[in-house]
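Trainee: Got a structure for you, written out below as structure tokens; questions coming shortly.
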Amino acid sequence: MTAPGETPRFRPGVKFRFDPVRQAWMVLAPEKLFLPDEIAVEVLKRIDGTRTTALIVDDLAQAFQAPRETIETDVRAMLADLVQRGAISL
Amino acid sequence: MGLIAELTHRCPLSCAYCSNPLELERASAELDTATWLDVLDQAAALGVLHVHFTGGEPMARKDLTQLVRRAAELELYTNLITSGVLLDDRAMDALMAAGIDHIQLSLQDIEPEAGDRSGGLKGGHAKKLAAAERIRAAGLPLTLNFVIHRGNADRTAQMLDLGEALGATRIEIAHTQYYGWGLLNRGALLPTFAQLESATAAVEAARARFGARIAVDYVVPDYFAARPKACMGGWGRRFINVSPSGKALPCHAAETLPGFAFPSVREVSLADIWTGAEAFQRFRGVEGAPEACRSCERVEIDWGGCRCQAFALAGDASRIDPACVLSPDHALMRQAIEAADFDAPLTPRLIRR
Ligand code: SF4
Ligand code: SF4
């Protein structure tokens, strides 16, 4: 499980960028790539290696005018999935 | 979609398993810097996401960092596939400044004597270990690649240990793919079935031990397989390989195929090659698969296997890959295994500088 104070960061060698050809955000690693869904993109955009998960949740709750608890559950599930896929570490 | 930029066939090493063609291209035939920069621009515009700089030894090109910088500016994922013997401090700094994303370093064996013998370069193994350290110190993830053959297969477990000790995050244990020099030396390189089994067991044990910490990629030899690999993810589906002299190929071994006019990036745009070139269309997709494969349930998994292997072994690129048990040529694989032995001649790859 993820601790409240954690700071998600991209694993070394992972690149998150917008592809103008496909008009889509993608996560690139040496031998793989995946297209994160819209919510994951919003989370990934806020990962800069300094912002904590809590700050990311606050920011998203404000941006989407949604209750913090709902957002938090989603974000934590999303981060766990991104860790699983090797894109980020916590 | 990926671009495989084979910058040069020059290499200070002379591995007998090298998959470069027997006809190595000369330095004078290589594309110049401006053409490679243009190829990178075109690749990005076409939707290429990864560029793999390879060779030969890509670091033998003086303009490598310039090319990496352009690729990084284009936001391409930059991967360098290297033997590491030229990766000194200065080169490492230059690559980092240029924006390299990932380096894959090859090792021939676990200790200097065997490693240097296999690579044909005295002091090579020590340089590789130093390169591994530099890659890690620079903060890049370290991927190590070991090519497995009869002469080193028994040390697979120790290779995985060495990878762990060097701090690798990914280790490729790749049985030799029998193309080019590797095919020429097949008789001496093919492992025995017992060796294959113990290498596989070593990989499984390491995977269990490493968990998510270190990924172990395992490439098995087609010769012992029942089904072929999806070569390059299917002909003309995921990769464009540009040879040192600028030929665009669906896979680096394709140049050996007769009856093809592979377009040159000096003359044709990458976009036209990708969408229009007959050479890229001929074996593409289900329609391009061998006839017997088109109705097979695995056709969209392996696309009938490797066209170059079908040609090299069965003499016809449009046949089913002999690696498949359903291929009428499958017995060729067993015959090759039976013919293999330690005393078979081993021809080191020619050294081109
Ligand atoms: S000789 Fe060895 S190091 Fe050089 S390109 Fe071939 S396999 Fe790679
Ligand atoms: S018959 Fe063709 S498609 Fe089916 S498994 Fe063999 S090679 Fe693959």
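Naming scheme: A, B, ... for chains in displayed order of the structure tokens; residues 1 onward per chain; ligands 1 onward as shown.
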Given a cut-off of 7 Å, what residues near ligand 1 show up using only C-alpha atoms and all ligand atoms, put as a ChimeraX atom specification?
Mentor: /B:9,11-15,17-20,55-57,83,119,349
Trainee: Got a sec: who's within 9 Å of A:Pro8, counting only C-alpha atoms, leaving out chain neighbours fewer than 4 positions off, as number ranges by chain?
Mentor: A: 47-53, 79, 88-90
Trainee: Select all residues from chain A having any atom no more than 8 Å from an atom of chain B (counting only C-alpha atoms, ignoring ligands), output as a count of residues only.
Mentor: 11
Trainee: Looking only at the backbone, which of the residues in stretch 3-82 of chain A does DSSP tag as alpha helix (DSSP H), as JSON, numbers by chain?
Mentor: {"A": [38, 39, 40, 41, 42, 43, 44, 45, 53, 54, 55, 56, 57, 58, 59, 60, 61, 62, 63, 68, 69, 70, 71, 72, 73, 74, 75, 76, 77, 78, 79, 80, 81, 82]}
Trainee: Please identify every polymer residue within 6 Å of ligand 2, using only C-alpha atoms and all ligand atoms, and present the set as a VMD selection string.
Mentor: chain B and resid 227 to 228 293 296 298 to 299 302 to 305 320 to 321 324 326
Trainee: Can you tell me which residues surround B:Asp329 at a distance of at most 12 Å, considering only C-alpha atoms, apart from same-chain residues fewer than 3 positions away, and format the answer as a ChimeraX atom specification?
Mentor: /B:223,309-316,319-326,332-336
Trainee: Which neighbours of A:Glu69 fall inside 12 Å, counting only C-alpha atoms, when residues of the same chain fewer than 3 positions from it are skipped, and could you give them as a ChimeraX atom specification?
Mentor: /A:54,57-58,60-61,65-66,72-76
Trainee: Please produce a file of the residues just selected, as a tab-separated table (two decimals), in the first residue's frame, where the atoms kept are N, CA, C and O atoms.
Mentor:
chain	number	residue	atom	x	y	z
A	54	ALA	N	-0.33	13.25	-2.00
A	54	ALA	CA	-1.37	14.09	-1.38
A	54	ALA	C	-1.56	15.39	-2.16
A	54	ALA	O	-2.70	15.82	-2.41
A	57	VAL	N	-3.37	14.72	-5.37
A	57	VAL	CA	-4.80	14.51	-5.12
A	57	VAL	C	-5.50	15.87	-4.91
A	57	VAL	O	-6.55	16.14	-5.51
A	58	ASP	N	-4.89	16.73	-4.12
A	58	ASP	CA	-5.47	18.07	-3.87
A	58	ASP	C	-5.68	18.80	-5.19
A	58	ASP	O	-6.75	19.35	-5.45
A	60	LEU	N	-5.89	17.65	-8.23
A	60	LEU	CA	-6.90	17.05	-9.10
A	60	LEU	C	-8.30	17.32	-8.57
A	60	LEU	O	-9.23	17.58	-9.35
A	61	ALA	N	-8.45	17.28	-7.23
A	61	ALA	CA	-9.76	17.52	-6.64
A	61	ALA	C	-10.23	18.93	-7.01
A	61	ALA	O	-11.40	19.16	-7.34
A	65	GLN	N	-13.11	19.62	-9.58
A	65	GLN	CA	-14.22	19.95	-8.69
A	65	GLN	C	-14.90	18.70	-8.17
A	65	GLN	O	-16.12	18.57	-8.22
A	66	ALA	N	-14.07	17.78	-7.71
A	66	ALA	CA	-14.63	16.51	-7.24
A	66	ALA	C	-14.23	16.30	-5.80
A	66	ALA	O	-13.23	16.86	-5.34
A	72	GLU	N	-8.92	10.54	-4.37
A	72	GLU	CA	-7.81	9.85	-3.72
A	72	GLU	C	-7.83	8.35	-4.02
A	72	GLU	O	-6.80	7.75	-4.34
A	73	THR	N	-9.02	7.77	-3.93
A	73	THR	CA	-9.14	6.33	-4.23
A	73	THR	C	-8.67	6.05	-5.65
A	73	THR	O	-7.90	5.13	-5.90
A	74	ASP	N	-9.15	6.87	-6.58
A	74	ASP	CA	-8.78	6.68	-7.99
A	74	ASP	C	-7.27	6.82	-8.20
A	74	ASP	O	-6.65	6.02	-8.88
A	75	VAL	N	-6.74	7.87	-7.62
A	75	VAL	CA	-5.31	8.16	-7.83
A	75	VAL	C	-4.45	7.03	-7.27
A	75	VAL	O	-3.51	6.59	-7.91
A	76	ARG	N	-4.81	6.55	-6.10
A	76	ARG	CA	-4.00	5.49	-5.50
A	76	ARG	C	-4.06	4.22	-6.34
A	76	ARG	O	-3.04	3.54	-6.54
